[in-house]
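Peer 1: Below is query-v8.tsv; it holds TSV, C-alpha atoms.
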chain	number	residue	atom	x	y	z
A	1	MET	CA	0.00	0.00	0.00
A	2	THR	CA	1.39	3.41	-0.92
A	3	ALA	CA	0.90	6.64	1.02
A	4	ALA	CA	-1.60	7.71	-1.65
A	5	ASP	CA	-3.67	4.60	-0.85
A	6	SER	CA	-3.68	5.18	2.92
A	7	PRO	CA	-6.68	6.79	4.57
A	8	THR	CA	-5.98	10.29	5.83
A	9	ALA	CA	-6.12	11.24	9.48
A	10	GLY	CA	-6.54	14.89	8.47
A	11	ARG	CA	-4.23	17.72	9.48
A	12	PHE	CA	-3.68	20.32	12.19
A	13	GLU	CA	-3.97	24.06	11.70
A	14	GLY	CA	-2.93	25.56	15.00
A	15	ARG	CA	-5.08	23.98	17.74
A	16	GLU	CA	-7.68	22.78	15.26
A	17	HIS	CA	-7.73	19.38	13.61
A	18	ILE	CA	-9.35	19.29	10.16
A	19	LEU	CA	-10.68	16.07	8.67
A	20	PRO	CA	-12.06	16.05	5.11
A	21	VAL	CA	-15.25	14.00	4.71
A	22	ARG	CA	-17.18	13.42	1.48
A	23	VAL	CA	-20.96	12.95	1.62
A	24	TYR	CA	-21.96	9.72	-0.09
A	25	TYR	CA	-25.38	8.50	-1.17
A	26	GLU	CA	-25.51	6.17	1.85
A	27	ASP	CA	-25.22	9.22	4.15
A	28	THR	CA	-28.39	10.84	2.86
A	29	ASP	CA	-32.13	10.47	3.12
A	30	PHE	CA	-34.37	10.20	0.06
A	31	THR	CA	-34.05	13.96	-0.58
A	32	GLY	CA	-30.25	13.91	-0.87
A	33	VAL	CA	-29.77	15.63	2.51
A	34	VAL	CA	-27.46	14.11	5.14
A	35	TYR	CA	-29.50	12.11	7.66
A	36	HIS	CA	-29.12	13.78	11.08
A	37	ALA	CA	-27.58	10.75	12.85
A	38	ASN	CA	-24.68	10.71	10.39
A	39	TYR	CA	-23.35	13.99	11.80
A	40	VAL	CA	-22.64	12.07	15.01
A	41	ARG	CA	-20.49	9.68	12.94
A	42	TYR	CA	-18.64	12.55	11.27
A	43	PHE	CA	-17.94	14.14	14.65
A	44	GLU	CA	-16.68	10.79	16.02
A	45	ARG	CA	-14.27	10.43	13.09
A	46	GLY	CA	-12.97	13.93	13.78
A	47	ARG	CA	-12.33	13.20	17.48
A	48	SER	CA	-10.71	9.83	16.75
A	49	ASP	CA	-8.46	11.11	13.98
A	50	PHE	CA	-7.43	14.10	16.10
A	51	LEU	CA	-6.21	11.64	18.75
A	52	ARG	CA	-4.56	9.40	16.13
A	53	LEU	CA	-2.64	12.32	14.60
A	54	ALA	CA	-1.68	13.58	18.08
A	55	GLY	CA	-0.09	10.19	18.78
A	56	VAL	CA	-2.87	8.67	20.90
A	57	SER	CA	-4.02	5.26	19.69
A	58	HIS	CA	-7.28	3.74	20.90
A	59	SER	CA	-5.80	0.25	20.48
A	60	ASP	CA	-2.72	1.22	22.54
A	61	LEU	CA	-5.00	2.52	25.31
A	62	LEU	CA	-6.80	-0.83	25.39
A	63	GLU	CA	-3.53	-2.81	25.49
A	64	ARG	CA	-2.04	-0.94	28.47
A	65	HIS	CA	-1.47	-2.72	31.81
A	66	ASP	CA	-4.28	-0.44	33.06
A	67	PRO	CA	-6.56	-0.33	29.99
A	68	ALA	CA	-8.53	2.82	29.25
A	69	ALA	CA	-11.25	3.84	26.82
A	70	PHE	CA	-13.51	6.82	26.18
A	71	VAL	CA	-17.26	7.29	26.30
A	72	VAL	CA	-19.25	10.31	25.22
A	73	THR	CA	-21.19	11.52	28.25
A	74	ARG	CA	-22.83	14.55	26.62
A	75	MET	CA	-23.17	15.90	23.10
A	76	GLU	CA	-25.04	19.04	22.14
A	77	ILE	CA	-25.45	19.52	18.38
A	78	ASP	CA	-26.73	22.62	16.62
A	79	PHE	CA	-27.71	22.05	13.00
A	80	LYS	CA	-27.23	25.23	10.96
A	81	ARG	CA	-27.57	24.21	7.30
A	82	PRO	CA	-28.09	20.88	5.54
A	83	ALA	CA	-25.19	19.01	3.97
A	84	ARG	CA	-26.04	17.29	0.71
A	85	ILE	CA	-24.88	14.39	-1.42
A	86	ASP	CA	-21.40	14.93	-2.94
A	87	ASP	CA	-20.56	17.83	-0.57
A	88	ALA	CA	-16.93	18.03	0.55
A	89	LEU	CA	-17.13	18.65	4.29
A	90	GLN	CA	-14.50	19.47	6.86
A	91	VAL	CA	-14.88	18.24	10.42
A	92	ARG	CA	-13.04	20.73	12.64
A	93	THR	CA	-12.14	19.57	16.15
A	94	THR	CA	-10.44	21.15	19.15
A	95	TYR	CA	-9.73	19.39	22.43
A	96	ASP	CA	-10.23	22.21	24.90
A	97	SER	CA	-9.40	20.82	28.34
A	98	ALA	CA	-9.00	17.79	30.60
A	99	ARG	CA	-10.29	17.82	34.17
A	100	GLY	CA	-10.34	14.64	36.17
A	101	ALA	CA	-11.75	11.93	33.93
A	102	ARG	CA	-13.43	14.44	31.57
A	103	LEU	CA	-12.35	15.90	28.26
A	104	ALA	CA	-14.10	18.94	26.76
A	105	ILE	CA	-14.20	19.00	22.96
A	106	SER	CA	-15.55	21.58	20.50
A	107	GLN	CA	-16.44	20.58	16.95
A	108	ARG	CA	-17.92	22.06	13.82
A	109	ILE	CA	-18.61	20.86	10.32
A	110	THR	CA	-18.19	23.23	7.39
A	111	CYS	CA	-18.72	23.03	3.65
A	112	GLY	CA	-16.42	25.62	2.18
A	113	GLU	CA	-17.16	28.74	4.24
A	114	THR	CA	-20.66	27.55	5.19
A	115	LEU	CA	-21.20	26.36	8.75
A	116	ILE	CA	-23.23	23.13	8.68
A	117	ALA	CA	-23.29	22.01	12.34
A	118	THR	CA	-21.56	22.53	15.68
A	119	ALA	CA	-21.13	20.20	18.63
A	120	GLN	CA	-20.03	20.56	22.23
A	121	VAL	CA	-18.87	17.19	23.50
A	122	SER	CA	-17.98	15.88	26.94
A	123	ALA	CA	-16.11	12.59	26.98
A	124	ALA	CA	-14.93	10.58	29.95
A	125	CYS	CA	-12.01	8.24	30.29
A	126	ILE	CA	-13.11	4.92	31.78
A	127	THR	CA	-11.75	1.55	32.81
A	128	LEU	CA	-12.91	-1.48	30.84
A	129	ASP	CA	-15.58	-2.16	33.47
A	130	GLY	CA	-17.00	1.33	32.91
A	131	LYS	CA	-15.66	3.17	35.96
A	132	PRO	CA	-14.37	6.73	35.48
A	133	ARG	CA	-10.62	7.19	35.67
A	134	LYS	CA	-8.15	9.94	34.98
A	135	PRO	CA	-6.71	9.70	31.46
A	136	PRO	CA	-3.24	8.16	31.38
A	137	ALA	CA	-0.55	10.82	31.91
A	138	GLY	CA	0.89	10.28	28.43
A	139	LEU	CA	-2.48	11.01	26.86
A	140	VAL	CA	-2.91	14.34	28.64
A	141	ASP	CA	0.69	15.25	27.80
A	142	ALA	CA	0.07	14.43	24.11
A	143	LEU	CA	-3.03	16.68	24.06
A	144	ARG	CA	-1.62	19.55	26.15
A	145	PRO	CA	-0.26	21.52	23.12
A	146	TRP	CA	-3.84	21.69	21.74
A	147	PHE	CA	-5.69	22.71	24.92
A	148	CYS	CA	-6.91	26.27	25.36
A	149	LYS	CA	-4.05	28.45	26.59
A	150	ASP	CA	-5.58	28.76	30.07
A	151	GLN	CA	-5.78	24.94	30.27
A	152	ALA	CA	-2.20	24.15	29.15
What does this structure look like when you write it as structure tokens?
Peer 2:
Amino acid sequence: MTAADSPTAGRFEGREHILPVRVYYEDTDFTGVVYHANYVRYFERGRSDFLRLAGVSHSDLLERHDPAAFVVTRMEIDFKRPARIDDALQVRTTYDSARGARLAISQRITCGETLIATAQVSAACITLDGKPRKPPAGLVDALRPWFCKDQA
């Protein structure tokens, strides 16, 4: 497999991670508009690829001597404009802070200069039996350069 054949994890511009996403037929309802639940998938891809590009691997977290995972505990989405079949979207993600077991994440989806949707996400780090835990030190250190300045 060549680099051109590899899926992209997006790129960073300052604190913001940008992930390109194309809208396919399967993403839409019968009118050609993106079905609302698919925005949750796009936002998830943005959060996961942010972590991947920052050097945090979900599989590595699971293979630790003290395994860790993430769960979304709250997500507030504001839909601004519809995305449509064939649109080239950008999922824009910032990890804002870490406090205790919680991570605060801000996300937005754009199509060109048009704002499509925004999301405020709270995620928690958990043990494999579902109990909250502080994120591993290496994870917080890897994210620290992207936190808001007052959270660094």
Peer 1: Which value, in Å to one decimal, gives the distance between CA of Tyr95 in chain A and CA of Leu62 in chain A?
Peer 2: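 Separation of CA of Tyr95 in chain A and CA of Leu62 in chain A: 20.6 Å.
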Peer 1: Select, counting all atoms listed in the file, all protein, DNA and RNA residues no farther than 12 Å from (-26.1, 12.9, 26.5) in file coordinates, and express the selection as a list in words.
Peer 2: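 Here is the list of nearby residues: Val71, Val72, Thr73, Arg74, Met75, Glu76, Ile77, Ala119, Gln120, Val121, Ser122, Ala123 and Ala124 of chain A.
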Peer 1: From the set A:Ala69, A:Ala98, A:Ile109, A:Leu53, which residue has the shortest atom-to-atom contact distance to Arg22 in chain A, counting all atoms listed in the file?
Peer 2: A:Ile109
Peer 1: Using only C-alpha atoms for the distances, tell me which of A:Pro82, A:Arg102, A:Ile126, A:Leu19 is nearest to Glu44 in chain A.
Peer 2: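 Using only C-alpha atoms, the shortest distance to Glu44 in chain A belongs to A:Leu19.
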Peer 1: If I take CA of Ala117 in chain A and CA of Lys80 in chain A, how far is one from the other in Å, to one decimal?
Peer 2: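 Interatomic distance, CA of Ala117 in chain A to CA of Lys80 in chain A: 5.3 Å.
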Peer 1: Give me the residues near Asp66 in chain A as a list in words, where near means some atom within 9 Å (using all atoms listed in the file) and where sequence neighbours in that chain fewer than 6 positions away do not count.
Peer 2: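 Using all atoms listed in the file, the neighbours found are Thr127, Leu128 and Pro136 of chain A.
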Peer 1: Hey, which of A:Asp87, A:Tyr35, A:Asp78, A:Arg15 ends up closest to Leu143 in chain A? Count all atoms listed in the file.
Peer 2: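 Smallest separation from Leu143 in chain A among the options: A:Arg15.
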Peer 1: Rounded to one decimal, what separation in Å do you get between CA of Arg133 in chain A and CA of Asp96 in chain A?
Peer 2: 18.5 Å
Peer 1: Using all atoms listed in the file, find the one residue out of A:Ser48, A:Ser59, A:Asn38, A:Thr31 that sits nearest to Thr93 in chain A.
Peer 2: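 Checking each of A:Ser48, A:Ser59, A:Asn38, A:Thr31 against Thr93 in chain A, counting all atoms listed in the file, the winner is A:Ser48.
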Peer 1: Within 12 Å of Ala37 in chain A, counting all atoms listed in the file, which residues show up once you throw out same-chain ones fewer than 6 positions away? Write them as a ChimeraX atom specification, please.
Peer 2: /A:27-29,43-44,77,79
Peer 1: Could the residues in this selection be saved with C-alpha atoms as an mmCIF file, in the frame of the given file?
Peer 2:
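Ended up saving to result-v8.cif:
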data_model
loop_
_atom_site.group_PDB
_atom_site.id
_atom_site.type_symbol
_atom_site.label_atom_id
_atom_site.label_comp_id
_atom_site.auth_asym_id
_atom_site.auth_seq_id
_atom_site.Cartn_x
_atom_site.Cartn_y
_atom_site.Cartn_z
ATOM 1 C CA ASP A 27 -25.220 9.220 4.150
ATOM 2 C CA THR A 28 -28.390 10.840 2.860
ATOM 3 C CA ASP A 29 -32.130 10.470 3.120
ATOM 4 C CA PHE A 43 -17.940 14.140 14.650
ATOM 5 C CA GLU A 44 -16.680 10.790 16.020
ATOM 6 C CA ILE A 77 -25.450 19.520 18.380
ATOM 7 C CA PHE A 79 -27.710 22.050 13.000
#
Peer 1: Which one of A:Pro145, A:Gly100, A:Pro67, A:Gly55 sits closest to Gly130 in chain A if you count all atoms listed in the file?
Peer 2: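 Checking each of A:Pro145, A:Gly100, A:Pro67, A:Gly55 against Gly130 in chain A, counting all atoms listed in the file, the winner is A:Pro67.
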Peer 1: What's around Glu113 in chain A at 12 Å? Count all atoms listed in the file, leave out sequence neighbours fewer than 5 positions away in its own chain, and write the answer as a PyMOL selection string.
Peer 2: chain A and resi 81+88-90+108
Peer 1: Tell me which of A:Gly112, A:Pro20, A:Gly10, A:Gly32 sits closest to Arg52 in chain A, counting only C-alpha atoms.
Peer 2: A:Gly10
